Every structure is written in C-alpha cells, then in structure tokens.
Amino acid sequence: MNTALRNAIDEAFFQARTALREKAPTEAFPWLERAHILSQHMPVLHARSHWLMLRAGWQLRDYREMFGQAPRIIAAVLFSKIWVPLGNTGRARISAFAPMPVSPGLQRLFQGAKQ
C-alpha cells in the first residue's frame, strides 16, 4: 500500500473516531464512508469501518444501521479479498452489492497504490 493511501485511511479513521468520542455520529459517517471505500480490499480495515458504522448507528439509536452493519462486519472479513462492490459507501441503507461511483480524489489514491 502506498503512503498516500495509508495516510488517507488513517486520517479517515482518526476523524471518525474523534467524532464518535465527541458523540457526533453524523459527523463520523462521511469519514467512515471514505475509510470504507479506501479499505474495501483490506479485510481487517474494511471490517473496522463497518464496526465503527455500527457504533455510530448505536449512538444515533438507528436500529437499521446497527442491524445492517452486523452481517457486513462478517462479510468484510470473509470476502474482502475475493470481491467488493467498488465505491460502495458501506451504509446499511445502501445495498451491500451495489457498486457506486468513486470520486476523482479517491481514484487518484487507488492509482497510486497500483504503481
């Protein structure tokens, strides 16, 4: 993994955890979605993004988010190296199988990882 990608993932998780500590789950979700997209092919980090989404759902008392994240945590560990829907933000209100557009900024991070 290139340094820029690793730094982007670390920053996204840092910002999300900070928001969760401050009891600001709605502020955590954009960072968690970013972390999810960037770490989809890394089982442990991918599962961590879903775990933190579950925690954010807990803080919001959003049962759909909580119950939707539980199977995604398991799937992230088992299937991240096999197949993931690129660009999927990982939220429970989005199909776990739906690919989504990836922003140009995130695409550049992925391109740097392939070099």
# chains A, B, ... in the order shown; residues from 1 in each chain; ligands from 1

call {"tool": "residues_around", "arguments": {"residues": "Arg6 (chain A)", "least_positions_apart": "6", "cutoff": "12 Å", "atoms": "only C-alpha atoms", "output": "PyMOL selection string"}}
result
chain A and resi 12-13+35+38-39+42+45+109-110+112-113

call {"tool": "write_last_selection", "arguments": {"atoms": "N, CA and C atoms", "output": "mmCIF file, in the first residue's frame"}}
result
data_model
loop_
_atom_site.group_PDB
_atom_site.id
_atom_site.type_symbol
_atom_site.label_atom_id
_atom_site.label_comp_id
_atom_site.auth_asym_id
_atom_site.auth_seq_id
_atom_site.Cartn_x
_atom_site.Cartn_y
_atom_site.Cartn_z
ATOM 1 N N ALA A 12 -8.975 9.168 7.834
ATOM 2 C CA ALA A 12 -10.420 8.931 7.859
ATOM 3 C C ALA A 12 -10.827 8.243 9.165
ATOM 4 N N PHE A 13 -10.069 7.232 9.577
ATOM 5 C CA PHE A 13 -10.387 6.552 10.839
ATOM 6 C C PHE A 13 -10.181 7.477 12.038
ATOM 7 N N ALA A 35 -13.325 5.883 4.676
ATOM 8 C CA ALA A 35 -12.477 4.775 5.136
ATOM 9 C C ALA A 35 -12.942 3.461 4.520
ATOM 10 N N LEU A 38 -11.885 3.253 0.802
ATOM 11 C CA LEU A 38 -10.431 3.107 0.655
ATOM 12 C C LEU A 38 -9.920 1.754 1.143
ATOM 13 N N SER A 39 -10.616 1.131 2.084
ATOM 14 C CA SER A 39 -10.093 -0.098 2.682
ATOM 15 C C SER A 39 -10.842 -1.355 2.256
ATOM 16 N N MET A 42 -9.018 -4.654 2.097
ATOM 17 C CA MET A 42 -8.194 -4.977 3.272
ATOM 18 C C MET A 42 -9.125 -5.460 4.376
ATOM 19 N N LEU A 45 -9.223 -3.732 8.034
ATOM 20 C CA LEU A 45 -9.627 -2.325 7.983
ATOM 21 C C LEU A 45 -11.060 -2.171 7.475
ATOM 22 N N LEU A 109 -5.884 8.096 -5.342
ATOM 23 C CA LEU A 109 -5.240 7.308 -4.286
ATOM 24 C C LEU A 109 -5.103 5.853 -4.703
ATOM 25 N N PHE A 110 -6.143 5.305 -5.346
ATOM 26 C CA PHE A 110 -6.082 3.920 -5.817
ATOM 27 C C PHE A 110 -5.043 3.755 -6.906
ATOM 28 N N GLY A 112 -2.342 5.452 -7.342
ATOM 29 C CA GLY A 112 -1.022 5.482 -6.720
ATOM 30 C C GLY A 112 -0.685 4.168 -6.050
ATOM 31 N N ALA A 113 -1.700 3.451 -5.576
ATOM 32 C CA ALA A 113 -1.479 2.167 -4.904
ATOM 33 C C ALA A 113 -1.068 1.092 -5.903
#

call {"tool": "residues_around", "arguments": {"residues": "region 91-108 of chain A", "least_positions_apart": "2", "cutoff": "8 Å", "atoms": "only C-alpha atoms", "output": "PyMOL selection string"}}
result
chain A and resi 33+38+53+64-66+68-69+72+84-89+110-112

call {"tool": "atom_distance", "arguments": {"atom1": "CA of His50 (chain A)", "atom2": "CA of His36 (chain A)"}}
result
7.5 Å

call {"tool": "closest_residue", "arguments": {"among": "A:Ala75, A:Leu5, A:Thr26, A:Phe67", "to": "Arg48 (chain A)", "atoms": "only C-alpha atoms"}}
result
A:Ala75

call {"tool": "residues_around", "arguments": {"residues": "Ala76 (chain A)", "least_positions_apart": "6", "cutoff": "6 Å", "atoms": "only C-alpha atoms", "output": "ChimeraX atom specification"}}
result
/A:43,46-47

call {"tool": "write_last_selection", "arguments": {"atoms": "C-alpha atoms", "output": "tab-separated table (two decimals), in the first residue's frame"}}
result
chain	number	residue	atom	x	y	z
A	43	PRO	CA	-10.28	-7.33	5.44
A	46	HIS	CA	-12.79	-2.98	5.98
A	47	ALA	CA	-14.35	-4.74	8.99

call {"tool": "select_by_dssp", "arguments": {"residues": "region 24-100 of chain A", "states": "helix (DSSP H, G or I)", "output": "PyMOL selection string"}}
result
chain A and resi 25-39+43-60+63-79

call {"tool": "write_last_selection", "arguments": {"atoms": "N, CA and C atoms", "output": "CSV table (one decimal), in the first residue's frame"}}
result
chain,number,residue,atom,x,y,z
A,25,PRO,N,-22.1,11.3,15.8
A,25,PRO,CA,-22.1,10.3,14.8
A,25,PRO,C,-22.4,10.7,13.4
A,26,THR,N,-23.2,11.7,13.2
A,26,THR,CA,-23.5,12.2,11.9
A,26,THR,C,-22.2,12.8,11.2
A,27,GLU,N,-21.3,13.3,12.0
A,27,GLU,CA,-20.1,13.8,11.5
A,27,GLU,C,-19.1,12.7,11.2
A,28,ALA,N,-19.3,11.6,11.9
A,28,ALA,CA,-18.4,10.4,11.7
A,28,ALA,C,-18.7,9.7,10.4
A,29,PHE,N,-20.0,9.7,10.0
A,29,PHE,CA,-20.3,8.9,8.8
A,29,PHE,C,-19.6,9.2,7.6
A,30,PRO,N,-19.4,10.5,7.2
A,30,PRO,CA,-18.7,10.8,5.9
A,30,PRO,C,-17.2,10.2,6.0
A,31,TRP,N,-16.6,10.3,7.2
A,31,TRP,CA,-15.3,9.8,7.3
A,31,TRP,C,-15.3,8.3,7.3
A,32,LEU,N,-16.3,7.7,7.8
A,32,LEU,CA,-16.4,6.2,7.8
A,32,LEU,C,-16.6,5.7,6.4
A,33,GLU,N,-17.5,6.4,5.6
A,33,GLU,CA,-17.7,6.0,4.3
A,33,GLU,C,-16.4,6.1,3.4
A,34,ARG,N,-15.6,7.2,3.7
A,34,ARG,CA,-14.3,7.3,3.0
A,34,ARG,C,-13.4,6.2,3.4
A,35,ALA,N,-13.3,5.9,4.7
A,35,ALA,CA,-12.5,4.8,5.1
A,35,ALA,C,-12.9,3.5,4.5
A,36,HIS,N,-14.2,3.3,4.4
A,36,HIS,CA,-14.8,2.1,3.9
A,36,HIS,C,-14.4,1.9,2.4
A,37,ILE,N,-14.6,2.9,1.6
A,37,ILE,CA,-14.2,2.9,0.2
A,37,ILE,C,-12.7,2.6,0.0
A,38,LEU,N,-11.9,3.3,0.8
A,38,LEU,CA,-10.4,3.1,0.7
A,38,LEU,C,-9.9,1.8,1.1
A,39,SER,N,-10.6,1.1,2.1
A,39,SER,CA,-10.1,-0.1,2.7
A,39,SER,C,-10.8,-1.4,2.3
A,43,PRO,N,-9.2,-6.8,4.6
A,43,PRO,CA,-10.3,-7.3,5.4
A,43,PRO,C,-10.4,-6.7,6.8
A,44,VAL,N,-9.3,-6.5,7.5
A,44,VAL,CA,-9.3,-6.0,8.9
A,44,VAL,C,-9.8,-4.6,8.9
A,45,LEU,N,-9.2,-3.7,8.0
A,45,LEU,CA,-9.6,-2.3,8.0
A,45,LEU,C,-11.1,-2.2,7.5
A,46,HIS,N,-11.4,-3.0,6.5
A,46,HIS,CA,-12.8,-3.0,6.0
A,46,HIS,C,-13.8,-3.3,7.1
A,47,ALA,N,-13.5,-4.4,7.9
A,47,ALA,CA,-14.3,-4.7,9.0
A,47,ALA,C,-14.4,-3.6,10.0
A,48,ARG,N,-13.2,-3.0,10.3
A,48,ARG,CA,-13.2,-1.9,11.2
A,48,ARG,C,-14.2,-0.8,10.8
A,49,SER,N,-14.2,-0.4,9.5
A,49,SER,CA,-15.1,0.6,9.1
A,49,SER,C,-16.5,0.3,9.4
A,50,HIS,N,-16.9,-1.0,9.2
A,50,HIS,CA,-18.3,-1.4,9.5
A,50,HIS,C,-18.5,-1.4,11.0
A,51,TRP,N,-17.6,-1.8,11.8
A,51,TRP,CA,-17.7,-1.8,13.2
A,51,TRP,C,-18.0,-0.4,13.7
A,52,LEU,N,-17.2,0.6,13.2
A,52,LEU,CA,-17.4,1.9,13.6
A,52,LEU,C,-18.7,2.5,13.1
A,53,MET,N,-19.2,2.0,11.9
A,53,MET,CA,-20.5,2.4,11.5
A,53,MET,C,-21.6,1.9,12.4
A,54,LEU,N,-21.4,0.7,12.9
A,54,LEU,CA,-22.3,0.1,13.9
A,54,LEU,C,-22.3,1.0,15.1
A,55,ARG,N,-21.2,1.4,15.6
A,55,ARG,CA,-21.1,2.2,16.8
A,55,ARG,C,-21.8,3.6,16.6
A,56,ALA,N,-21.6,4.1,15.4
A,56,ALA,CA,-22.3,5.4,15.0
A,56,ALA,C,-23.8,5.2,15.0
A,57,GLY,N,-24.2,4.1,14.5
A,57,GLY,CA,-25.6,3.7,14.5
A,57,GLY,C,-26.2,3.6,15.9
A,58,TRP,N,-25.4,3.0,16.8
A,58,TRP,CA,-25.7,2.9,18.2
A,58,TRP,C,-25.9,4.3,18.8
A,59,GLN,N,-25.0,5.2,18.6
A,59,GLN,CA,-25.1,6.5,19.1
A,59,GLN,C,-26.3,7.2,18.6
A,60,LEU,N,-26.7,7.0,17.4
A,60,LEU,CA,-27.9,7.6,16.9
A,60,LEU,C,-29.2,6.8,17.2
A,63,TYR,N,-31.5,1.7,14.5
A,63,TYR,CA,-31.5,0.2,14.5
A,63,TYR,C,-31.3,-0.4,13.2
A,64,ARG,N,-31.8,0.3,12.1
A,64,ARG,CA,-31.5,-0.2,10.8
A,64,ARG,C,-30.0,-0.2,10.5
A,65,GLU,N,-29.3,0.9,10.9
A,65,GLU,CA,-27.9,0.9,10.7
A,65,GLU,C,-27.2,-0.2,11.5
A,66,MET,N,-27.5,-0.3,12.8
A,66,MET,CA,-26.9,-1.3,13.6
A,66,MET,C,-27.1,-2.7,13.1
A,67,PHE,N,-28.3,-3.1,12.8
A,67,PHE,CA,-28.6,-4.4,12.3
A,67,PHE,C,-28.0,-4.7,10.9
A,68,GLY,N,-27.9,-3.6,10.1
A,68,GLY,CA,-27.3,-3.7,8.8
A,68,GLY,C,-25.8,-3.9,8.8
A,69,GLN,N,-25.2,-3.3,9.8
A,69,GLN,CA,-23.7,-3.4,9.9
A,69,GLN,C,-23.2,-4.8,10.4
A,70,ALA,N,-24.0,-5.4,11.3
A,70,ALA,CA,-23.5,-6.7,11.8
A,70,ALA,C,-23.1,-7.7,10.8
A,71,PRO,N,-24.0,-8.0,9.8
A,71,PRO,CA,-23.6,-9.0,8.8
A,71,PRO,C,-22.4,-8.5,7.9
A,72,ARG,N,-22.4,-7.2,7.7
A,72,ARG,CA,-21.3,-6.6,6.9
A,72,ARG,C,-20.0,-6.8,7.5
A,73,ILE,N,-19.9,-6.7,8.8
A,73,ILE,CA,-18.6,-7.0,9.5
A,73,ILE,C,-18.1,-8.3,9.2
A,74,ILE,N,-19.0,-9.3,9.3
A,74,ILE,CA,-18.6,-10.7,9.0
A,74,ILE,C,-18.2,-10.8,7.5
A,75,ALA,N,-19.0,-10.3,6.6
A,75,ALA,CA,-18.7,-10.4,5.2
A,75,ALA,C,-17.4,-9.7,4.8
A,76,ALA,N,-17.1,-8.6,5.5
A,76,ALA,CA,-15.9,-7.9,5.2
A,76,ALA,C,-14.7,-8.7,5.5
A,77,VAL,N,-14.7,-9.5,6.6
A,77,VAL,CA,-13.6,-10.3,7.0
A,77,VAL,C,-13.5,-11.5,6.0
A,78,LEU,N,-14.6,-12.1,5.6
A,78,LEU,CA,-14.6,-13.3,4.7
A,78,LEU,C,-14.4,-13.0,3.3
A,79,PHE,N,-14.9,-11.9,2.8
A,79,PHE,CA,-15.0,-11.7,1.3
A,79,PHE,C,-14.2,-10.5,0.7

call {"tool": "atom_distance", "arguments": {"atom1": "CA of Arg61 (chain A)", "atom2": "CA of Thr18 (chain A)"}}
result
18.7 Å

call {"tool": "decode", "arguments": {"residues": "region 73-103 of chain A", "atoms": "N, CA and C atoms", "output": "PDB file, in the first residue's frame"}}
result
ATOM      1  N   ILE A  73     -19.908  -6.733   8.824  1.00  0.00           N
ATOM      2  CA  ILE A  73     -18.631  -6.951   9.511  1.00  0.00           C
ATOM      3  C   ILE A  73     -18.101  -8.342   9.168  1.00  0.00           C
ATOM      4  N   ILE A  74     -18.968  -9.322   9.270  1.00  0.00           N
ATOM      5  CA  ILE A  74     -18.573 -10.713   8.970  1.00  0.00           C
ATOM      6  C   ILE A  74     -18.199 -10.848   7.497  1.00  0.00           C
ATOM      7  N   ALA A  75     -19.013 -10.293   6.614  1.00  0.00           N
ATOM      8  CA  ALA A  75     -18.736 -10.374   5.178  1.00  0.00           C
ATOM      9  C   ALA A  75     -17.419  -9.688   4.834  1.00  0.00           C
ATOM     10  N   ALA A  76     -17.124  -8.573   5.498  1.00  0.00           N
ATOM     11  CA  ALA A  76     -15.873  -7.854   5.218  1.00  0.00           C
ATOM     12  C   ALA A  76     -14.666  -8.741   5.516  1.00  0.00           C
ATOM     13  N   VAL A  77     -14.731  -9.459   6.620  1.00  0.00           N
ATOM     14  CA  VAL A  77     -13.620 -10.344   6.987  1.00  0.00           C
ATOM     15  C   VAL A  77     -13.503 -11.499   5.990  1.00  0.00           C
ATOM     16  N   LEU A  78     -14.626 -12.060   5.596  1.00  0.00           N
ATOM     17  CA  LEU A  78     -14.611 -13.253   4.748  1.00  0.00           C
ATOM     18  C   LEU A  78     -14.398 -12.984   3.263  1.00  0.00           C
ATOM     19  N   PHE A  79     -14.918 -11.854   2.752  1.00  0.00           N
ATOM     20  CA  PHE A  79     -14.967 -11.677   1.301  1.00  0.00           C
ATOM     21  C   PHE A  79     -14.164 -10.510   0.739  1.00  0.00           C
ATOM     22  N   SER A  80     -13.526  -9.711   1.563  1.00  0.00           N
ATOM     23  CA  SER A  80     -12.823  -8.520   1.063  1.00  0.00           C
ATOM     24  C   SER A  80     -11.763  -8.835   0.018  1.00  0.00           C
ATOM     25  N   LYS A  81     -11.094  -9.940   0.164  1.00  0.00           N
ATOM     26  CA  LYS A  81     -10.041 -10.300  -0.792  1.00  0.00           C
ATOM     27  C   LYS A  81     -10.606 -10.928  -2.067  1.00  0.00           C
ATOM     28  N   ILE A  82     -11.865 -11.340  -2.028  1.00  0.00           N
ATOM     29  CA  ILE A  82     -12.470 -12.023  -3.163  1.00  0.00           C
ATOM     30  C   ILE A  82     -13.211 -11.053  -4.074  1.00  0.00           C
ATOM     31  N   TRP A  83     -14.157 -10.296  -3.497  1.00  0.00           N
ATOM     32  CA  TRP A  83     -14.970  -9.377  -4.286  1.00  0.00           C
ATOM     33  C   TRP A  83     -15.590  -8.322  -3.386  1.00  0.00           C
ATOM     34  N   VAL A  84     -15.582  -7.097  -3.865  1.00  0.00           N
ATOM     35  CA  VAL A  84     -16.286  -5.995  -3.208  1.00  0.00           C
ATOM     36  C   VAL A  84     -16.886  -5.104  -4.296  1.00  0.00           C
ATOM     37  N   PRO A  85     -18.014  -4.471  -4.011  1.00  0.00           N
ATOM     38  CA  PRO A  85     -18.591  -3.531  -4.979  1.00  0.00           C
ATOM     39  C   PRO A  85     -17.875  -2.189  -4.855  1.00  0.00           C
ATOM     40  N   LEU A  86     -16.999  -1.891  -5.792  1.00  0.00           N
ATOM     41  CA  LEU A  86     -16.185  -0.682  -5.704  1.00  0.00           C
ATOM     42  C   LEU A  86     -17.022   0.569  -5.496  1.00  0.00           C
ATOM     43  N   GLY A  87     -16.523   1.422  -4.637  1.00  0.00           N
ATOM     44  CA  GLY A  87     -17.161   2.700  -4.384  1.00  0.00           C
ATOM     45  C   GLY A  87     -18.314   2.648  -3.408  1.00  0.00           C
ATOM     46  N   ASN A  88     -18.764   1.455  -3.059  1.00  0.00           N
ATOM     47  CA  ASN A  88     -19.886   1.330  -2.134  1.00  0.00           C
ATOM     48  C   ASN A  88     -19.512   1.957  -0.802  1.00  0.00           C
ATOM     49  N   THR A  89     -20.399   2.790  -0.265  1.00  0.00           N
ATOM     50  CA  THR A  89     -20.089   3.536   0.954  1.00  0.00           C
ATOM     51  C   THR A  89     -20.230   2.712   2.225  1.00  0.00           C
ATOM     52  N   GLY A  90     -20.859   1.549   2.158  1.00  0.00           N
ATOM     53  CA  GLY A  90     -20.930   0.661   3.302  1.00  0.00           C
ATOM     54  C   GLY A  90     -22.082   0.898   4.252  1.00  0.00           C
ATOM     55  N   ARG A  91     -22.896   1.911   4.002  1.00  0.00           N
ATOM     56  CA  ARG A  91     -24.023   2.188   4.901  1.00  0.00           C
ATOM     57  C   ARG A  91     -25.114   1.134   4.745  1.00  0.00           C
ATOM     58  N   ALA A  92     -25.873   0.932   5.793  1.00  0.00           N
ATOM     59  CA  ALA A  92     -26.920  -0.081   5.789  1.00  0.00           C
ATOM     60  C   ALA A  92     -28.058   0.251   4.835  1.00  0.00           C
ATOM     61  N   ARG A  93     -28.246   1.518   4.521  1.00  0.00           N
ATOM     62  CA  ARG A  93     -29.335   1.915   3.624  1.00  0.00           C
ATOM     63  C   ARG A  93     -28.970   1.754   2.144  1.00  0.00           C
ATOM     64  N   ILE A  94     -27.757   1.320   1.898  1.00  0.00           N
ATOM     65  CA  ILE A  94     -27.263   1.079   0.540  1.00  0.00           C
ATOM     66  C   ILE A  94     -27.109  -0.439   0.384  1.00  0.00           C
ATOM     67  N   SER A  95     -27.499  -0.974  -0.746  1.00  0.00           N
ATOM     68  CA  SER A  95     -27.305  -2.405  -0.983  1.00  0.00           C
ATOM     69  C   SER A  95     -25.824  -2.743  -0.833  1.00  0.00           C
ATOM     70  N   ALA A  96     -25.545  -3.817  -0.135  1.00  0.00           N
ATOM     71  CA  ALA A  96     -24.167  -4.256   0.065  1.00  0.00           C
ATOM     72  C   ALA A  96     -23.528  -4.730  -1.242  1.00  0.00           C
ATOM     73  N   PHE A  97     -24.331  -4.905  -2.268  1.00  0.00           N
ATOM     74  CA  PHE A  97     -23.822  -5.421  -3.542  1.00  0.00           C
ATOM     75  C   PHE A  97     -23.732  -4.362  -4.633  1.00  0.00           C
ATOM     76  N   ALA A  98     -24.119  -3.130  -4.329  1.00  0.00           N
ATOM     77  CA  ALA A  98     -24.185  -2.078  -5.347  1.00  0.00           C
ATOM     78  C   ALA A  98     -22.864  -1.324  -5.484  1.00  0.00           C
ATOM     79  N   PRO A  99     -22.231  -1.403  -6.663  1.00  0.00           N
ATOM     80  CA  PRO A  99     -21.077  -0.536  -6.892  1.00  0.00           C
ATOM     81  C   PRO A  99     -21.552   0.911  -7.017  1.00  0.00           C
ATOM     82  N   MET A 100     -20.689   1.833  -6.666  1.00  0.00           N
ATOM     83  CA  MET A 100     -21.034   3.250  -6.715  1.00  0.00           C
ATOM     84  C   MET A 100     -19.865   4.006  -7.338  1.00  0.00           C
ATOM     85  N   PRO A 101     -20.124   5.192  -7.868  1.00  0.00           N
ATOM     86  CA  PRO A 101     -19.033   5.976  -8.449  1.00  0.00           C
ATOM     87  C   PRO A 101     -17.993   6.334  -7.385  1.00  0.00           C
ATOM     88  N   VAL A 102     -16.740   6.344  -7.797  1.00  0.00           N
ATOM     89  CA  VAL A 102     -15.640   6.715  -6.908  1.00  0.00           C
ATOM     90  C   VAL A 102     -15.186   8.115  -7.303  1.00  0.00           C
ATOM     91  N   SER A 103     -15.056   8.984  -6.324  1.00  0.00           N
ATOM     92  CA  SER A 103     -14.661  10.371  -6.612  1.00  0.00           C
ATOM     93  C   SER A 103     -13.263  10.401  -7.240  1.00  0.00           C
TER      94      SER A 103
END
